[in-house]
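*Asks:* File follows, input-v5.cif with mmCIF, N, CA and C atoms:
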data_final
#
loop_
_atom_site.group_PDB
_atom_site.id
_atom_site.type_symbol
_atom_site.label_atom_id
_atom_site.label_comp_id
_atom_site.auth_asym_id
_atom_site.auth_seq_id
_atom_site.Cartn_x
_atom_site.Cartn_y
_atom_site.Cartn_z
ATOM 1 N N MET A 1 97.854 115.939 130.665
ATOM 2 C CA MET A 1 97.002 114.776 130.770
ATOM 3 C C MET A 1 97.685 113.626 130.057
ATOM 4 N N GLY A 2 97.880 112.506 130.747
ATOM 5 C CA GLY A 2 98.526 111.338 130.184
ATOM 6 C C GLY A 2 97.542 110.211 129.975
ATOM 7 N N VAL A 3 97.689 109.532 128.860
ATOM 8 C CA VAL A 3 96.837 108.390 128.545
ATOM 9 C C VAL A 3 97.740 107.229 128.164
ATOM 10 N N LYS A 4 97.485 106.084 128.779
ATOM 11 C CA LYS A 4 98.244 104.873 128.497
ATOM 12 C C LYS A 4 97.304 103.839 127.883
ATOM 13 N N HIS A 5 97.717 103.267 126.751
ATOM 14 C CA HIS A 5 96.959 102.209 126.084
ATOM 15 C C HIS A 5 97.774 100.928 126.132
ATOM 16 N N ARG A 6 97.090 99.826 126.462
ATOM 17 C CA ARG A 6 97.760 98.528 126.491
ATOM 18 C C ARG A 6 96.847 97.506 125.827
ATOM 19 N N LEU A 7 97.388 96.802 124.837
ATOM 20 C CA LEU A 7 96.621 95.764 124.157
ATOM 21 C C LEU A 7 96.531 94.540 125.057
ATOM 22 N N LEU A 8 95.326 94.032 125.220
ATOM 23 C CA LEU A 8 95.089 92.838 126.029
ATOM 24 C C LEU A 8 94.898 91.632 125.118
ATOM 25 N N ASP A 9 95.124 90.442 125.651
ATOM 26 C CA ASP A 9 94.786 89.238 124.901
ATOM 27 C C ASP A 9 93.292 89.283 124.617
ATOM 28 N N THR A 10 92.933 89.052 123.380
ATOM 29 C CA THR A 10 91.544 89.222 122.953
ATOM 30 C C THR A 10 91.014 87.938 122.326
ATOM 31 N N PRO A 11 90.291 87.125 123.091
ATOM 32 C CA PRO A 11 89.685 85.934 122.511
ATOM 33 C C PRO A 11 88.575 86.331 121.531
ATOM 34 N N ALA A 12 88.302 85.474 120.582
ATOM 35 C CA ALA A 12 87.310 85.755 119.539
ATOM 36 C C ALA A 12 85.947 86.129 120.114
ATOM 37 N N GLU A 13 85.560 85.513 121.208
ATOM 38 C CA GLU A 13 84.238 85.787 121.776
ATOM 39 C C GLU A 13 84.107 87.203 122.358
ATOM 40 N N GLN A 14 85.205 87.912 122.491
ATOM 41 C CA GLN A 14 85.146 89.292 122.988
ATOM 42 C C GLN A 14 85.032 90.314 121.857
ATOM 43 N N VAL A 15 85.009 89.829 120.618
ATOM 44 C CA VAL A 15 84.863 90.726 119.465
ATOM 45 C C VAL A 15 83.469 90.519 118.880
ATOM 46 N N PRO A 16 82.562 91.471 119.114
ATOM 47 C CA PRO A 16 81.213 91.332 118.551
ATOM 48 C C PRO A 16 81.261 91.272 117.022
ATOM 49 N N HIS A 17 80.426 90.434 116.458
ATOM 50 C CA HIS A 17 80.386 90.264 115.006
ATOM 51 C C HIS A 17 80.153 91.604 114.304
ATOM 52 N N GLU A 18 79.265 92.426 114.847
ATOM 53 C CA GLU A 18 78.940 93.706 114.208
ATOM 54 C C GLU A 18 80.156 94.619 114.159
ATOM 55 N N PHE A 19 80.941 94.633 115.208
ATOM 56 C CA PHE A 19 82.146 95.464 115.256
ATOM 57 C C PHE A 19 83.142 94.983 114.202
ATOM 58 N N ALA A 20 83.376 93.679 114.175
ATOM 59 C CA ALA A 20 84.302 93.107 113.188
ATOM 60 C C ALA A 20 83.826 93.388 111.772
ATOM 61 N N GLN A 21 82.518 93.268 111.536
ATOM 62 C CA GLN A 21 81.981 93.505 110.198
ATOM 63 C C GLN A 21 82.171 94.957 109.767
ATOM 64 N N GLU A 22 82.026 95.898 110.686
ATOM 65 C CA GLU A 22 82.275 97.311 110.365
ATOM 66 C C GLU A 22 83.714 97.496 109.885
ATOM 67 N N VAL A 23 84.652 96.848 110.561
ATOM 68 C CA VAL A 23 86.064 96.957 110.189
ATOM 69 C C VAL A 23 86.298 96.309 108.820
ATOM 70 N N ILE A 24 85.721 95.152 108.593
ATOM 71 C CA ILE A 24 85.867 94.453 107.308
ATOM 72 C C ILE A 24 85.316 95.314 106.179
ATOM 73 N N ASP A 25 84.111 95.834 106.363
ATOM 74 C CA ASP A 25 83.481 96.659 105.333
ATOM 75 C C ASP A 25 84.302 97.910 105.041
ATOM 76 N N PHE A 26 84.928 98.464 106.064
ATOM 77 C CA PHE A 26 85.788 99.638 105.883
ATOM 78 C C PHE A 26 87.013 99.279 105.039
ATOM 79 N N CYS A 27 87.621 98.137 105.306
ATOM 80 C CA CYS A 27 88.872 97.741 104.648
ATOM 81 C C CYS A 27 88.709 97.370 103.190
ATOM 82 N N GLN A 28 87.624 96.729 102.835
ATOM 83 C CA GLN A 28 87.477 96.152 101.497
ATOM 84 C C GLN A 28 87.745 97.125 100.350
ATOM 85 N N PRO A 29 87.223 98.348 100.357
ATOM 86 C CA PRO A 29 87.476 99.225 99.205
ATOM 87 C C PRO A 29 88.810 99.977 99.249
ATOM 88 N N ILE A 30 89.576 99.839 100.313
ATOM 89 C CA ILE A 30 90.827 100.595 100.453
ATOM 90 C C ILE A 30 91.997 99.647 100.205
ATOM 91 N N ASP A 31 92.525 99.691 98.994
ATOM 92 C CA ASP A 31 93.577 98.750 98.584
ATOM 93 C C ASP A 31 94.836 98.829 99.428
ATOM 94 N N THR A 32 95.110 99.962 100.031
ATOM 95 C CA THR A 32 96.337 100.119 100.826
ATOM 96 C C THR A 32 96.288 99.351 102.145
ATOM 97 N N ILE A 33 95.099 98.924 102.589
ATOM 98 C CA ILE A 33 94.988 98.132 103.822
ATOM 99 C C ILE A 33 95.163 96.666 103.455
ATOM 100 N N THR A 34 96.187 96.036 104.047
ATOM 101 C CA THR A 34 96.419 94.619 103.766
ATOM 102 C C THR A 34 95.844 93.712 104.845
ATOM 103 N N THR A 35 95.858 94.168 106.085
ATOM 104 C CA THR A 35 95.388 93.346 107.202
ATOM 105 C C THR A 35 94.767 94.257 108.248
ATOM 106 N N ALA A 36 93.744 93.734 108.929
ATOM 107 C CA ALA A 36 93.124 94.479 110.027
ATOM 108 C C ALA A 36 92.843 93.532 111.180
ATOM 109 N N TRP A 37 92.986 94.065 112.377
ATOM 110 C CA TRP A 37 92.718 93.328 113.608
ATOM 111 C C TRP A 37 91.759 94.121 114.471
ATOM 112 N N VAL A 38 91.083 93.408 115.360
ATOM 113 C CA VAL A 38 90.299 94.033 116.417
ATOM 114 C C VAL A 38 90.841 93.477 117.719
ATOM 115 N N GLY A 39 91.141 94.374 118.635
ATOM 116 C CA GLY A 39 91.687 93.965 119.918
ATOM 117 C C GLY A 39 91.096 94.763 121.059
ATOM 118 N N LEU A 40 91.136 94.188 122.210
ATOM 119 C CA LEU A 40 90.680 94.847 123.419
ATOM 120 C C LEU A 40 91.855 95.598 124.029
ATOM 121 N N THR A 41 91.679 96.880 124.265
ATOM 122 C CA THR A 41 92.738 97.674 124.867
ATOM 123 C C THR A 41 92.315 98.124 126.254
ATOM 124 N N GLU A 42 93.305 98.252 127.102
ATOM 125 C CA GLU A 42 93.086 98.811 128.433
ATOM 126 C C GLU A 42 93.597 100.241 128.400
ATOM 127 N N ILE A 43 92.745 101.181 128.772
ATOM 128 C CA ILE A 43 93.090 102.596 128.711
ATOM 129 C C ILE A 43 93.081 103.163 130.124
ATOM 130 N N THR A 44 94.174 103.838 130.454
ATOM 131 C CA THR A 44 94.275 104.510 131.753
ATOM 132 C C THR A 44 94.559 105.976 131.493
ATOM 133 N N GLU A 45 93.685 106.836 131.975
ATOM 134 C CA GLU A 45 93.832 108.277 131.808
ATOM 135 C C GLU A 45 94.196 108.909 133.142
ATOM 136 N N ASP A 46 95.286 109.641 133.153
ATOM 137 C CA ASP A 46 95.711 110.394 134.336
ATOM 138 C C ASP A 46 95.644 109.587 135.626
ATOM 139 N N PHE A 47 96.148 108.381 135.593
ATOM 140 C CA PHE A 47 96.231 107.520 136.769
ATOM 141 C C PHE A 47 94.862 107.180 137.363
ATOM 142 N N GLN A 48 93.802 107.310 136.567
ATOM 143 C CA GLN A 48 92.461 106.917 136.996
ATOM 144 C C GLN A 48 92.327 105.408 136.829
ATOM 145 N N HIS A 49 91.174 104.875 137.211
ATOM 146 C CA HIS A 49 90.928 103.443 137.029
ATOM 147 C C HIS A 49 90.892 103.129 135.542
ATOM 148 N N PRO A 50 91.562 102.062 135.132
ATOM 149 C CA PRO A 50 91.560 101.705 133.706
ATOM 150 C C PRO A 50 90.189 101.199 133.263
ATOM 151 N N TYR A 51 89.936 101.355 131.973
ATOM 152 C CA TYR A 51 88.731 100.798 131.380
ATOM 153 C C TYR A 51 89.128 100.119 130.070
ATOM 154 N N GLU A 52 88.257 99.249 129.582
ATOM 155 C CA GLU A 52 88.549 98.497 128.368
ATOM 156 C C GLU A 52 87.778 99.072 127.192
ATOM 157 N N GLN A 53 88.420 99.050 126.022
ATOM 158 C CA GLN A 53 87.837 99.599 124.799
ATOM 159 C C GLN A 53 88.281 98.750 123.613
ATOM 160 N N LEU A 54 87.360 98.353 122.763
ATOM 161 C CA LEU A 54 87.745 97.672 121.534
ATOM 162 C C LEU A 54 88.382 98.671 120.587
ATOM 163 N N ALA A 55 89.378 98.214 119.858
ATOM 164 C CA ALA A 55 90.077 99.072 118.904
ATOM 165 C C ALA A 55 90.373 98.279 117.641
ATOM 166 N N ALA A 56 90.437 98.996 116.528
ATOM 167 C CA ALA A 56 90.822 98.402 115.248
ATOM 168 C C ALA A 56 92.235 98.856 114.916
ATOM 169 N N ALA A 57 92.998 97.978 114.294
ATOM 170 C CA ALA A 57 94.363 98.314 113.877
ATOM 171 C C ALA A 57 94.576 97.798 112.463
ATOM 172 N N PHE A 58 95.406 98.521 111.707
ATOM 173 C CA PHE A 58 95.580 98.238 110.289
ATOM 174 C C PHE A 58 97.046 98.143 109.912
ATOM 175 N N GLU A 59 97.331 97.213 109.014
ATOM 176 C CA GLU A 59 98.639 97.139 108.361
ATOM 177 C C GLU A 59 98.431 97.643 106.935
ATOM 178 N N LEU A 60 99.297 98.552 106.495
ATOM 179 C CA LEU A 60 99.168 99.159 105.178
ATOM 180 C C LEU A 60 100.285 98.700 104.248
ATOM 181 N N THR A 61 100.056 98.851 102.942
ATOM 182 C CA THR A 61 101.094 98.531 101.962
ATOM 183 C C THR A 61 102.249 99.507 102.053
ATOM 184 N N SER A 62 101.967 100.721 102.518
ATOM 185 C CA SER A 62 102.988 101.763 102.644
ATOM 186 C C SER A 62 102.618 102.662 103.809
ATOM 187 N N ASP A 63 103.622 103.116 104.540
ATOM 188 C CA ASP A 63 103.337 104.013 105.664
ATOM 189 C C ASP A 63 103.702 105.464 105.341
ATOM 190 N N ASP A 64 103.674 105.808 104.034
ATOM 191 C CA ASP A 64 103.952 107.204 103.693
ATOM 192 C C ASP A 64 102.759 108.064 104.113
ATOM 193 N N ASP A 65 102.981 109.360 104.187
ATOM 194 C CA ASP A 65 101.962 110.276 104.691
ATOM 195 C C ASP A 65 100.660 110.217 103.909
ATOM 196 N N ALA A 66 100.734 110.058 102.596
ATOM 197 C CA ALA A 66 99.520 110.036 101.773
ATOM 198 C C ALA A 66 98.631 108.843 102.137
ATOM 199 N N HIS A 67 99.239 107.667 102.304
ATOM 200 C CA HIS A 67 98.455 106.478 102.669
ATOM 201 C C HIS A 67 97.885 106.599 104.081
ATOM 202 N N LEU A 68 98.700 107.082 105.004
ATOM 203 C CA LEU A 68 98.231 107.259 106.380
ATOM 204 C C LEU A 68 97.061 108.234 106.433
ATOM 205 N N GLN A 69 97.182 109.351 105.734
ATOM 206 C CA GLN A 69 96.130 110.365 105.740
ATOM 207 C C GLN A 69 94.853 109.841 105.114
ATOM 208 N N LEU A 70 94.973 109.089 104.013
ATOM 209 C CA LEU A 70 93.805 108.500 103.357
ATOM 210 C C LEU A 70 93.028 107.604 104.322
ATOM 211 N N VAL A 71 93.734 106.706 104.978
ATOM 212 C CA VAL A 71 93.076 105.769 105.892
ATOM 213 C C VAL A 71 92.465 106.518 107.074
ATOM 214 N N ALA A 72 93.196 107.440 107.673
ATOM 215 C CA ALA A 72 92.672 108.188 108.823
ATOM 216 C C ALA A 72 91.453 109.018 108.439
ATOM 217 N N ASP A 73 91.522 109.719 107.323
ATOM 218 C CA ASP A 73 90.389 110.548 106.893
ATOM 219 C C ASP A 73 89.145 109.707 106.673
ATOM 220 N N ARG A 74 89.301 108.600 105.976
ATOM 221 C CA ARG A 74 88.142 107.728 105.720
ATOM 222 C C ARG A 74 87.622 107.090 106.996
ATOM 223 N N PHE A 75 88.544 106.703 107.882
ATOM 224 C CA PHE A 75 88.153 106.080 109.145
ATOM 225 C C PHE A 75 87.240 107.014 109.942
ATOM 226 N N TYR A 76 87.675 108.250 110.129
ATOM 227 C CA TYR A 76 86.897 109.174 110.954
ATOM 228 C C TYR A 76 85.668 109.728 110.240
ATOM 229 N N ALA A 77 85.612 109.617 108.921
ATOM 230 C CA ALA A 77 84.432 110.056 108.180
ATOM 231 C C ALA A 77 83.371 108.963 108.099
ATOM 232 N N ALA A 78 83.790 107.703 108.103
ATOM 233 C CA ALA A 78 82.861 106.621 107.791
ATOM 234 C C ALA A 78 82.506 105.695 108.950
ATOM 235 N N MET A 79 83.381 105.553 109.923
ATOM 236 C CA MET A 79 83.148 104.539 110.955
ATOM 237 C C MET A 79 82.170 105.041 112.024
ATOM 238 N N PRO A 80 81.357 104.122 112.574
ATOM 239 C CA PRO A 80 80.465 104.507 113.668
ATOM 240 C C PRO A 80 81.273 104.907 114.917
ATOM 241 N N GLU A 81 80.621 105.618 115.798
ATOM 242 C CA GLU A 81 81.301 106.144 116.990
ATOM 243 C C GLU A 81 81.947 105.060 117.837
ATOM 244 N N ASP A 82 81.303 103.894 117.969
ATOM 245 C CA ASP A 82 81.873 102.858 118.821
ATOM 246 C C ASP A 82 83.194 102.335 118.260
ATOM 247 N N VAL A 83 83.345 102.321 116.938
ATOM 248 C CA VAL A 83 84.604 101.892 116.334
ATOM 249 C C VAL A 83 85.626 103.025 116.411
ATOM 250 N N GLN A 84 85.185 104.251 116.158
ATOM 251 C CA GLN A 84 86.077 105.405 116.247
ATOM 252 C C GLN A 84 86.663 105.578 117.644
ATOM 253 N N ALA A 85 85.929 105.179 118.665
ATOM 254 C CA ALA A 85 86.374 105.374 120.046
ATOM 255 C C ALA A 85 87.726 104.723 120.317
ATOM 256 N N GLY A 86 88.017 103.610 119.649
ATOM 257 C CA GLY A 86 89.295 102.928 119.835
ATOM 258 C C GLY A 86 90.428 103.520 119.023
ATOM 259 N N GLY A 87 90.110 104.469 118.155
ATOM 260 C CA GLY A 87 91.130 105.144 117.362
ATOM 261 C C GLY A 87 91.457 104.419 116.066
ATOM 262 N N CYS A 88 92.120 105.149 115.189
ATOM 263 C CA CYS A 88 92.599 104.613 113.916
ATOM 264 C C CYS A 88 94.062 104.247 114.116
ATOM 265 N N ASN A 89 94.325 103.002 114.381
ATOM 266 C CA ASN A 89 95.661 102.529 114.726
ATOM 267 C C ASN A 89 96.334 101.904 113.513
ATOM 268 N N VAL A 90 97.364 102.566 113.009
ATOM 269 C CA VAL A 90 98.142 102.051 111.885
ATOM 270 C C VAL A 90 99.444 101.510 112.460
ATOM 271 N N LEU A 91 99.747 100.259 112.146
ATOM 272 C CA LEU A 91 100.827 99.542 112.814
ATOM 273 C C LEU A 91 102.134 99.551 112.037
ATOM 274 N N ASP A 92 103.231 99.672 112.780
ATOM 275 C CA ASP A 92 104.560 99.450 112.224
ATOM 276 C C ASP A 92 104.863 97.957 112.378
ATOM 277 N N PRO A 93 105.991 97.462 111.856
ATOM 278 C CA PRO A 93 106.261 96.021 111.944
ATOM 279 C C PRO A 93 106.215 95.458 113.380
ATOM 280 N N GLY A 94 106.693 96.196 114.346
ATOM 281 C CA GLY A 94 106.627 95.719 115.730
ATOM 282 C C GLY A 94 105.199 95.615 116.222
ATOM 283 N N GLY A 95 104.389 96.582 115.854
ATOM 284 C CA GLY A 95 102.976 96.558 116.221
ATOM 285 C C GLY A 95 102.234 95.409 115.563
ATOM 286 N N VAL A 96 102.575 95.124 114.311
ATOM 287 C CA VAL A 96 101.956 93.999 113.599
ATOM 288 C C VAL A 96 102.223 92.703 114.358
ATOM 289 N N ALA A 97 103.438 92.521 114.824
ATOM 290 C CA ALA A 97 103.786 91.295 115.553
ATOM 291 C C ALA A 97 102.950 91.159 116.829
ATOM 292 N N VAL A 98 102.783 92.243 117.549
ATOM 293 C CA VAL A 98 102.017 92.208 118.803
ATOM 294 C C VAL A 98 100.532 91.969 118.523
ATOM 295 N N TRP A 99 99.959 92.735 117.597
ATOM 296 C CA TRP A 99 98.538 92.577 117.304
ATOM 297 C C TRP A 99 98.262 91.193 116.712
ATOM 298 N N SER A 100 99.176 90.654 115.932
ATOM 299 C CA SER A 100 98.992 89.309 115.378
ATOM 300 C C SER A 100 98.889 88.261 116.467
ATOM 301 N N LYS A 101 99.611 88.494 117.538
ATOM 302 C CA LYS A 101 99.648 87.526 118.649
ATOM 303 C C LYS A 101 98.459 87.709 119.600
ATOM 304 N N GLN A 102 98.041 88.951 119.867
ATOM 305 C CA GLN A 102 97.084 89.204 120.945
ATOM 306 C C GLN A 102 95.674 89.580 120.501
ATOM 307 N N ALA A 103 95.491 89.992 119.254
ATOM 308 C CA ALA A 103 94.181 90.441 118.789
ATOM 309 C C ALA A 103 93.602 89.446 117.788
ATOM 310 N N GLN A 104 92.415 89.744 117.309
ATOM 311 C CA GLN A 104 91.749 88.890 116.330
ATOM 312 C C GLN A 104 91.871 89.499 114.942
ATOM 313 N N ARG A 105 92.462 88.765 114.024
ATOM 314 C CA ARG A 105 92.557 89.247 112.647
ATOM 315 C C ARG A 105 91.174 89.099 112.020
ATOM 316 N N VAL A 106 90.659 90.202 111.471
ATOM 317 C CA VAL A 106 89.331 90.172 110.885
ATOM 318 C C VAL A 106 89.346 90.417 109.380
ATOM 319 N N PHE A 107 90.505 90.839 108.837
ATOM 320 C CA PHE A 107 90.605 91.120 107.410
ATOM 321 C C PHE A 107 92.023 90.869 106.950
ATOM 322 N N HIS A 108 92.132 90.293 105.735
ATOM 323 C CA HIS A 108 93.442 90.101 105.120
ATOM 324 C C HIS A 108 93.246 89.955 103.626
ATOM 325 N N ARG A 109 94.115 90.624 102.868
ATOM 326 C CA ARG A 109 94.047 90.445 101.403
ATOM 327 C C ARG A 109 95.353 89.883 100.910
#
Could you express the structure from this file as structure tokens?

*Replies:*
Amino acid sequence: MGVKHRLLDTPAEQVPHEFAQEVIDFCQPIDTITTAWVGLTEITEDFQHPYEQLAAAFELTSDDDAHLQLVADRFYAAMPEDVQAGGCNVLDPGGVAVWSKQAQRVFHR
């Protein structure tokens, strides 16, 4: 089974305030998260018709396993299902550049 995700240009009006606030509230107590975005992704599963899903993405102070595991564990333990549906996306420098251009930044420290 193959799944393809593609980040779409995401104007601010496509990010519900409640969704963005969930992401902000999640980020605030986790010092390793420096920036978070919300973006609209297009998902295609097994060559079926694509559908759109909001997703959150995070830039961390470090991408070592301990930091990644901390963020992922907390994400799946604390976030509502609608936010979890887009996955816990931790970005490398190339991903940061793309999300900075196409998604809405909702958190930065």

*Asks:* When you look at segment 88-90 of chain A with a cut-off of 12 Å (counting only C-alpha atoms), what residues show up, excluding the ones that are within fewer than 4 positions of it in the same chain? I need them as number ranges by chain.

*Replies:* A: 5, 7, 23, 26, 32-39, 41, 54-65, 67-79, 81-84, 94-96, 99

*Asks:* One decimal, Å: what's the distance from atom CA of Phe19 of chain A over to atom CA of Asp92 of chain A, could you say?

*Replies:*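 Atom-to-atom, atom CA of Phe19 of chain A and atom CA of Asp92 of chain A are spaced 23.0 Å apart.
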
*Asks:* Using all atoms of segment 69-77 of chain A that appear in the file, construct an axis-aligned enclosing box with 3 Å of padding on every side and provide its centre coordinates and edge lengths in Å, rounded to one decimal, as AutoDock Vina command-line options.

*Replies:*
--center_x 90.3 --center_y 108.2 --center_z 107.2 --size_x 19.8 --size_y 10.8 --size_z 13.6

*Asks:* Running DSSP on the backbone, which parts of chain A land in alpha helix (DSSP H), as a PyMOL selection string?

*Replies:* chain A and resi 17-27+65-78+81-84+93-102

*Asks:* Which is closer to Glu22 of chain A than all the others in A:Pro80, A:His108, A:Lys4, A:Gln102, using all atoms listed in the file?

*Replies:*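 Closest to Glu22 of chain A of all the choices is A:Pro80.
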
*Asks:* May I ask for the distance between atom C of Glu18 of chain A and atom CA of Arg109 of chain A, given in Å to one decimal place?

*Replies:* 19.3 Å

*Asks:* Taking only chain A into account, list the residues labelled strand (DSSP E or B) by DSSP (computed from the backbone), as a short mmCIF file (atom, residue, chain, number, x, y, z; two decimals) with N, CA and C atoms, keeping the file's coordinate frame.

*Replies:*
data_model
loop_
_atom_site.label_atom_id
_atom_site.label_comp_id
_atom_site.auth_asym_id
_atom_site.auth_seq_id
_atom_site.Cartn_x
_atom_site.Cartn_y
_atom_site.Cartn_z
N VAL A 3 97.69 109.53 128.86
CA VAL A 3 96.84 108.39 128.54
C VAL A 3 97.74 107.23 128.16
N LYS A 4 97.48 106.08 128.78
CA LYS A 4 98.24 104.87 128.50
C LYS A 4 97.30 103.84 127.88
N HIS A 5 97.72 103.27 126.75
CA HIS A 5 96.96 102.21 126.08
C HIS A 5 97.77 100.93 126.13
N ARG A 6 97.09 99.83 126.46
CA ARG A 6 97.76 98.53 126.49
C ARG A 6 96.85 97.51 125.83
N LEU A 7 97.39 96.80 124.84
CA LEU A 7 96.62 95.76 124.16
C LEU A 7 96.53 94.54 125.06
N ILE A 33 95.10 98.92 102.59
CA ILE A 33 94.99 98.13 103.82
C ILE A 33 95.16 96.67 103.46
N THR A 34 96.19 96.04 104.05
CA THR A 34 96.42 94.62 103.77
C THR A 34 95.84 93.71 104.84
N THR A 35 95.86 94.17 106.08
CA THR A 35 95.39 93.35 107.20
C THR A 35 94.77 94.26 108.25
N ALA A 36 93.74 93.73 108.93
CA ALA A 36 93.12 94.48 110.03
C ALA A 36 92.84 93.53 111.18
N TRP A 37 92.99 94.06 112.38
CA TRP A 37 92.72 93.33 113.61
C TRP A 37 91.76 94.12 114.47
N VAL A 38 91.08 93.41 115.36
CA VAL A 38 90.30 94.03 116.42
C VAL A 38 90.84 93.48 117.72
N GLY A 39 91.14 94.37 118.64
CA GLY A 39 91.69 93.96 119.92
C GLY A 39 91.10 94.76 121.06
N LEU A 40 91.14 94.19 122.21
CA LEU A 40 90.68 94.85 123.42
C LEU A 40 91.86 95.60 124.03
N THR A 41 91.68 96.88 124.26
CA THR A 41 92.74 97.67 124.87
C THR A 41 92.32 98.12 126.25
N GLU A 42 93.30 98.25 127.10
CA GLU A 42 93.09 98.81 128.43
C GLU A 42 93.60 100.24 128.40
N ILE A 43 92.74 101.18 128.77
CA ILE A 43 93.09 102.60 128.71
C ILE A 43 93.08 103.16 130.12
N THR A 44 94.17 103.84 130.45
CA THR A 44 94.28 104.51 131.75
C THR A 44 94.56 105.98 131.49
N GLU A 45 93.68 106.84 131.98
CA GLU A 45 93.83 108.28 131.81
C GLU A 45 94.20 108.91 133.14
N TYR A 51 89.94 101.36 131.97
CA TYR A 51 88.73 100.80 131.38
C TYR A 51 89.13 100.12 130.07
N GLU A 52 88.26 99.25 129.58
CA GLU A 52 88.55 98.50 128.37
C GLU A 52 87.78 99.07 127.19
N GLN A 53 88.42 99.05 126.02
CA GLN A 53 87.84 99.60 124.80
C GLN A 53 88.28 98.75 123.61
N LEU A 54 87.36 98.35 122.76
CA LEU A 54 87.74 97.67 121.53
C LEU A 54 88.38 98.67 120.59
N ALA A 55 89.38 98.21 119.86
CA ALA A 55 90.08 99.07 118.90
C ALA A 55 90.37 98.28 117.64
N ALA A 56 90.44 99.00 116.53
CA ALA A 56 90.82 98.40 115.25
C ALA A 56 92.24 98.86 114.92
N ALA A 57 93.00 97.98 114.29
CA ALA A 57 94.36 98.31 113.88
C ALA A 57 94.58 97.80 112.46
N PHE A 58 95.41 98.52 111.71
CA PHE A 58 95.58 98.24 110.29
C PHE A 58 97.05 98.14 109.91
N GLU A 59 97.33 97.21 109.01
CA GLU A 59 98.64 97.14 108.36
C GLU A 59 98.43 97.64 106.94
N LEU A 60 99.30 98.55 106.50
CA LEU A 60 99.17 99.16 105.18
C LEU A 60 100.28 98.70 104.25
N CYS A 88 92.12 105.15 115.19
CA CYS A 88 92.60 104.61 113.92
C CYS A 88 94.06 104.25 114.12
N ASN A 89 94.32 103.00 114.38
CA ASN A 89 95.66 102.53 114.73
C ASN A 89 96.33 101.90 113.51
N VAL A 90 97.36 102.57 113.01
CA VAL A 90 98.14 102.05 111.88
C VAL A 90 99.44 101.51 112.46
N GLN A 104 92.42 89.74 117.31
CA GLN A 104 91.75 88.89 116.33
C GLN A 104 91.87 89.50 114.94
N ARG A 105 92.46 88.76 114.02
CA ARG A 105 92.56 89.25 112.65
C ARG A 105 91.17 89.10 112.02
N VAL A 106 90.66 90.20 111.47
CA VAL A 106 89.33 90.17 110.88
C VAL A 106 89.35 90.42 109.38
N PHE A 107 90.50 90.84 108.84
CA PHE A 107 90.60 91.12 107.41
C PHE A 107 92.02 90.87 106.95
N HIS A 108 92.13 90.29 105.74
CA HIS A 108 93.44 90.10 105.12
C HIS A 108 93.25 89.96 103.63
#

*Asks:* Run the PyMOL selection byres (((chain A and resi 47 and name CA) around 10) and name CA) against the file shown and list the residues it catches, as a ChimeraX atom specification.

*Replies:* /A:1-4,43-46,48-50

*Asks:* Restricted to N, CA and C atoms, what would the selected residues look like written as a short mmCIF file (atom, residue, chain, number, x, y, z; two decimals), keeping the file's coordinate frame?

*Replies:*
data_model
loop_
_atom_site.label_atom_id
_atom_site.label_comp_id
_atom_site.auth_asym_id
_atom_site.auth_seq_id
_atom_site.Cartn_x
_atom_site.Cartn_y
_atom_site.Cartn_z
N MET A 1 97.85 115.94 130.66
CA MET A 1 97.00 114.78 130.77
C MET A 1 97.68 113.63 130.06
N GLY A 2 97.88 112.51 130.75
CA GLY A 2 98.53 111.34 130.18
C GLY A 2 97.54 110.21 129.98
N VAL A 3 97.69 109.53 128.86
CA VAL A 3 96.84 108.39 128.54
C VAL A 3 97.74 107.23 128.16
N LYS A 4 97.48 106.08 128.78
CA LYS A 4 98.24 104.87 128.50
C LYS A 4 97.30 103.84 127.88
N ILE A 43 92.74 101.18 128.77
CA ILE A 43 93.09 102.60 128.71
C ILE A 43 93.08 103.16 130.12
N THR A 44 94.17 103.84 130.45
CA THR A 44 94.28 104.51 131.75
C THR A 44 94.56 105.98 131.49
N GLU A 45 93.68 106.84 131.98
CA GLU A 45 93.83 108.28 131.81
C GLU A 45 94.20 108.91 133.14
N ASP A 46 95.29 109.64 133.15
CA ASP A 46 95.71 110.39 134.34
C ASP A 46 95.64 109.59 135.63
N GLN A 48 93.80 107.31 136.57
CA GLN A 48 92.46 106.92 137.00
C GLN A 48 92.33 105.41 136.83
N HIS A 49 91.17 104.88 137.21
CA HIS A 49 90.93 103.44 137.03
C HIS A 49 90.89 103.13 135.54
N PRO A 50 91.56 102.06 135.13
CA PRO A 50 91.56 101.70 133.71
C PRO A 50 90.19 101.20 133.26
#

*Asks:* If the PyMOL selection byres ((chain A and resi 14) around 8) were run on this exact file, what residues would it hold? Put them as a VMD selection string.

*Replies:* chain A and resid 10 to 13 15 to 17 38 to 40 54

*Asks:* Between atom N of Pro29 of chain A and atom N of Gln104 of chain A, measure the distance and give it in Å to one decimal.

*Replies:*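 Interatomic distance, atom N of Pro29 of chain A to atom N of Gln104 of chain A: 19.7 Å.
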